[in-house]
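Engineer: Got a structure here, written out as structure tokens. Questions coming.
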Amino acid sequence: MAAFGTEFMPKMALARFENNKWSDAELVSSDSISMHPAAHVLHYSSTCFEGLKAFRHEDGSVHVFRMDQNIKRLAQSSRFLYLPEIDEVQVAKMIVDSVAQFATEVPVPPGSMYLRPTHIGTEAAVGKAAAPSDTSMLFVLLSPVGDYFTGGAKALRLLLDETGMRCAPHMGMIKSGGNYASALGPITKAKAEVQADQVLFCPNGDVQETGAANFLLIDGNEILTKGLDSSFLHGVTRSSILTLAADMGMTVTERDLTVAELIERAAKPEVEAVLSGTAAVLTSVGTFIHKDKEYKVGTGKPGPIADKLRQALNDIQWGKAEDKHNWLTKIV
Ligand SMILES: *Cc1c(COP(=O)(O)O)cnc(C)c1O
């Protein structure tokens with residue numbers, strides 16, 4: 001299968017905000033979009049997006065996972081970027097209709113259909129460096145994806161970065177393009193200099209998240225992660241995993257975590273560390289790199305509790321376990 005997110009369905013749902021209202025959504029070709037070279041998004045990064053997945057069950061039915069949460073977050077991102085207010089009902093319909101259109105193309109597990117709703121400012125106005133775009137475009141791209149871990153899951157090497165920041169502190173909870181551009185320098189440097197797979201941003205010792213995933217520590221029966229604040233992205237996978245951990249009787253702790261505590265706890269053989277996000281669900285971390293030293297996390301290998309939590313989430317997504325929390329929206 002092609003690299004994650006490089007293959008697309010030929011059509012996508014698209015709506016425009018013009019003259020203070022949303023147009024009806026249309027199903028258009030996904031090969032290209034047309035906008036003015038002065039479009040606000042191209043100069044001032046008025047852009048936000050979502051990532052969610054549709055899954056095929058054994059009976060052939062297709063279900064989208066936690067669509068309401070992703071639409072809420074898109075509305076929040078749009079609001080913080082002063083993009084036009086999205087119509088949440090319309091966006092839900094765009095997602096449902098486009099997935100229904102391509103329902104037969106949704107891969108079987110461990111594959112899925114990755115959905116990428118995107119909202120961009122389109123006003124042709126380079127003079128609006130300090131003013132919002134009055135017009136925008138919202139579309140939902142569909143990308144069939146395979147198993148994220150082709151070639152087997154391996155534990156990641158993570159650089160703990162106490163000096164840099166992923167993005168400006170007031171941008172943390174916005175899923176916006178500029179934040180990824182902002183994190184690219186430190187990540188590229190960490191890959192080249194210490195062969196890290198990712199950077200865990202810990203400004204002034206405060207453990208936050210990586211470039212595109214949340215961070216969780218598992219220590220025996222306790223699962224620990226930073227409490228929600230405006231400095232980082234509130235992942236839907238993070239919240240789902242915490243819910244499932246609580247269901248299993250684990251102690252869920254949401255609080256600030258320092259680099260010092262992280263390194264100290266990592267020395268215990270039973271400790272596991274994971275990254276959470278829609279694309280990979282849960283990815284194990286085997287090594288922390290900090291100030292030219294390397295620390296094994298627990299055994300340094302993917303651990304049994306991460307496996308159990310990932311399986312519990314996959315079982316719901318794949319229709320193999322009861323959807324107790326009503327996380328799935330049936331499409332067909
Ligand atoms: C998307 C994203 C996540 C994970 O969010 P999910 O809703 O779990 O996919 C975490 N951090 C950042 C910076 C992200 O962009």
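To be explicit about the labels: the chains of the structure tokens are called A, B, and onward in the order shown, and within each one the residues are counted from 1, while ligands get numbers from 1 in the order they are shown.
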Write out as CSV the residues of segment 105-188 of chain A that have any atom within 6 Å of an atom of segment 274-290 of chain A, one row each with the nearest atom pair and its distance in Å to one decimal, counting only C-alpha atoms, sorted by chain and then rising number.

Structural biologist:
residue,atom,partner,partner_atom,distance
A:Tyr148,CA,A:Ala280,CA,5.7
A:Ala155,CA,A:Gly286,CA,4.6
A:Leu156,CA,A:Val285,CA,4.5
A:Arg157,CA,A:Thr287,CA,4.7
A:Leu158,CA,A:Phe288,CA,5.0
A:Leu159,CA,A:Ile289,CA,4.6
A:Leu160,CA,A:His290,CA,5.4

Engineer: Could you save the residues just selected, with all heavy atoms, as an mmCIF file, in the first residue's frame?

Structural biologist:
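For reference, out-v8.cif as written:
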data_model
loop_
_atom_site.group_PDB
_atom_site.id
_atom_site.type_symbol
_atom_site.label_atom_id
_atom_site.label_comp_id
_atom_site.auth_asym_id
_atom_site.auth_seq_id
_atom_site.Cartn_x
_atom_site.Cartn_y
_atom_site.Cartn_z
ATOM 1 N N TYR A 148 -0.587 1.067 10.051
ATOM 2 C CA TYR A 148 0.459 2.064 10.280
ATOM 3 C C TYR A 148 1.797 1.377 10.559
ATOM 4 O O TYR A 148 2.848 1.926 10.310
ATOM 5 C CB TYR A 148 0.047 2.932 11.475
ATOM 6 C CG TYR A 148 0.703 4.276 11.497
ATOM 7 C CD1 TYR A 148 0.212 5.329 10.715
ATOM 8 C CD2 TYR A 148 1.818 4.512 12.290
ATOM 9 C CE1 TYR A 148 0.811 6.569 10.731
ATOM 10 C CE2 TYR A 148 2.417 5.763 12.309
ATOM 11 C CZ TYR A 148 1.918 6.782 11.532
ATOM 12 O OH TYR A 148 2.507 8.009 11.548
ATOM 13 N N ALA A 155 9.712 0.307 19.149
ATOM 14 C CA ALA A 155 9.642 1.382 20.138
ATOM 15 C C ALA A 155 10.466 2.581 19.669
ATOM 16 O O ALA A 155 11.575 2.437 19.171
ATOM 17 C CB ALA A 155 10.149 0.867 21.481
ATOM 18 N N LEU A 156 9.888 3.763 19.820
ATOM 19 C CA LEU A 156 10.511 4.982 19.304
ATOM 20 C C LEU A 156 11.587 5.548 20.225
ATOM 21 O O LEU A 156 11.573 5.330 21.430
ATOM 22 C CB LEU A 156 9.437 6.065 19.116
ATOM 23 C CG LEU A 156 8.273 5.757 18.189
ATOM 24 C CD1 LEU A 156 7.347 6.962 18.120
ATOM 25 C CD2 LEU A 156 8.769 5.396 16.794
ATOM 26 N N ARG A 157 12.486 6.306 19.594
ATOM 27 C CA ARG A 157 13.480 7.115 20.319
ATOM 28 C C ARG A 157 12.963 8.544 20.368
ATOM 29 O O ARG A 157 12.640 9.136 19.346
ATOM 30 C CB ARG A 157 14.822 7.094 19.573
ATOM 31 C CG ARG A 157 15.551 5.763 19.620
ATOM 32 C CD ARG A 157 16.671 5.732 18.584
ATOM 33 N NE ARG A 157 17.652 6.809 18.759
ATOM 34 C CZ ARG A 157 18.652 6.792 19.641
ATOM 35 N NH1 ARG A 157 18.799 5.756 20.428
ATOM 36 N NH2 ARG A 157 19.499 7.799 19.716
ATOM 37 N N LEU A 158 12.898 9.079 21.571
ATOM 38 C CA LEU A 158 12.272 10.384 21.765
ATOM 39 C C LEU A 158 13.266 11.355 22.391
ATOM 40 O O LEU A 158 13.816 11.068 23.459
ATOM 41 C CB LEU A 158 11.099 10.181 22.731
ATOM 42 C CG LEU A 158 9.823 10.980 22.540
ATOM 43 C CD1 LEU A 158 9.265 10.729 21.156
ATOM 44 C CD2 LEU A 158 8.795 10.560 23.586
ATOM 45 N N LEU A 159 13.484 12.483 21.751
ATOM 46 C CA LEU A 159 14.332 13.521 22.348
ATOM 47 C C LEU A 159 13.487 14.385 23.280
ATOM 48 O O LEU A 159 12.444 14.916 22.872
ATOM 49 C CB LEU A 159 14.955 14.396 21.254
ATOM 50 C CG LEU A 159 15.764 15.598 21.789
ATOM 51 C CD1 LEU A 159 17.027 15.141 22.500
ATOM 52 C CD2 LEU A 159 16.096 16.581 20.671
ATOM 53 N N LEU A 160 13.899 14.508 24.532
ATOM 54 C CA LEU A 160 13.204 15.392 25.474
ATOM 55 C C LEU A 160 13.814 16.789 25.331
ATOM 56 O O LEU A 160 14.972 16.996 25.679
ATOM 57 C CB LEU A 160 13.356 14.881 26.916
ATOM 58 C CG LEU A 160 13.057 13.400 27.167
ATOM 59 C CD1 LEU A 160 13.180 13.074 28.655
ATOM 60 C CD2 LEU A 160 11.658 13.027 26.671
#

Engineer: Neighbours of Asn326 of chain A within 12 Å (only C-alpha atoms; same-chain residues fewer than 5 positions away dropped), as a VMD selection string?

Structural biologist: chain A and resid 63 to 69 240 316 to 317 319 321

Engineer: Write as JSON, numbers by chain the residues around ligand 1, taking 7 Å as the cut-off and counting only C-alpha atoms and all ligand atoms.

Structural biologist: {"A": [51, 52, 175, 209, 210, 211, 212, 213, 214, 232, 233, 234, 235, 236, 237, 238, 276, 277, 278, 279]}

Engineer: Check the DSSP output for the backbone and give back, as a count of residues only, the residues of segment 122-230 of chain A in alpha helix (DSSP H).

Structural biologist: 18

Engineer: Looking at A:Arg16, A:Arg310, A:Lys21, A:Arg73, which one is nearest to Ser136 of chain A, with distances taken over only C-alpha atoms?

Structural biologist: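 Selected residue with least distance to Ser136 of chain A: A:Arg16.
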
Engineer: Looking at A:Lys301, A:Lys308, A:Lys226, A:Arg116, which one is nearest to Phe8 of chain A, with distances taken over only C-alpha atoms?

Structural biologist: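 Of A:Lys301, A:Lys308, A:Lys226, A:Arg116, the one nearest Phe8 of chain A, counting only C-alpha atoms, is A:Arg116.
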
Engineer: To one decimal place in Å, what is the distance between atom CA of Tyr114 of chain A and atom CA of Met137 of chain A?

Structural biologist: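 These atoms are spaced 19.8 Å apart.
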
Engineer: Find the spatial neighbours of segment 54-60 of chain A, counting only C-alpha atoms, within a cut-off of 12 Å - ignore same-chain residues fewer than 3 positions away - and output them as a ChimeraX atom specification.

Structural biologist: /A:51,63-67,95-96,98-100,102-116,142-146,278-279,314-321,327-332

Engineer: Go through A:Leu42, A:Ile223, A:Ala13, A:Met35 and flag the residue nearest Ser239 of chain A, using only C-alpha atoms for the distances.

Structural biologist: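 Nearest candidate to Ser239 of chain A out of A:Leu42, A:Ile223, A:Ala13, A:Met35: A:Ile223.
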
Engineer: I'd like the interatomic distance between atom CA of Phe149 of chain A and atom CA of Phe4 of chain A, to a tenth of an Å.

Structural biologist: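 Straight-line distance from atom CA of Phe149 of chain A to atom CA of Phe4 of chain A works out to 10.5 Å.
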
Engineer: Check segment 15-132 of chain A with DSSP on the backbone and list each residue it calls strand (DSSP E or B), as a ChimeraX atom specification.

Structural biologist: /A:15-18,21-22,26-29,39,47-49,52-56,62-65,112-121,124

Engineer: Extract, using only C-alpha atoms, all DNA, RNA and protein residues at most 12 Å from segment 251-260 of chain A, discarding same-chain residues fewer than 6 positions from it, and format them as a ChimeraX atom specification.

Structural biologist: /A:159-163,200-209,215-229,231,238-245,266-267,288-291,295

Engineer: Between atom CA of Ala75 of chain A and atom CA of Val126 of chain A, what distance in Å does the model show, to one decimal?

Structural biologist: 24.8 Å

Engineer: Rank A:Ser176, A:Ala125, A:His119, A:Phe139 by their smallest atom-to-atom distance to Met94 of chain A, using only C-alpha atoms, and report the top residue only.

Structural biologist: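 Among the listed residues, A:Phe139 lies closest to Met94 of chain A.
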
Engineer: Please determine, counting only C-alpha atoms, which residue among A:Ala39, A:Ala306, A:Val194, A:Ala15 has the shortest atom-to-atom distance to Glu294 of chain A.

Structural biologist: A:Val194
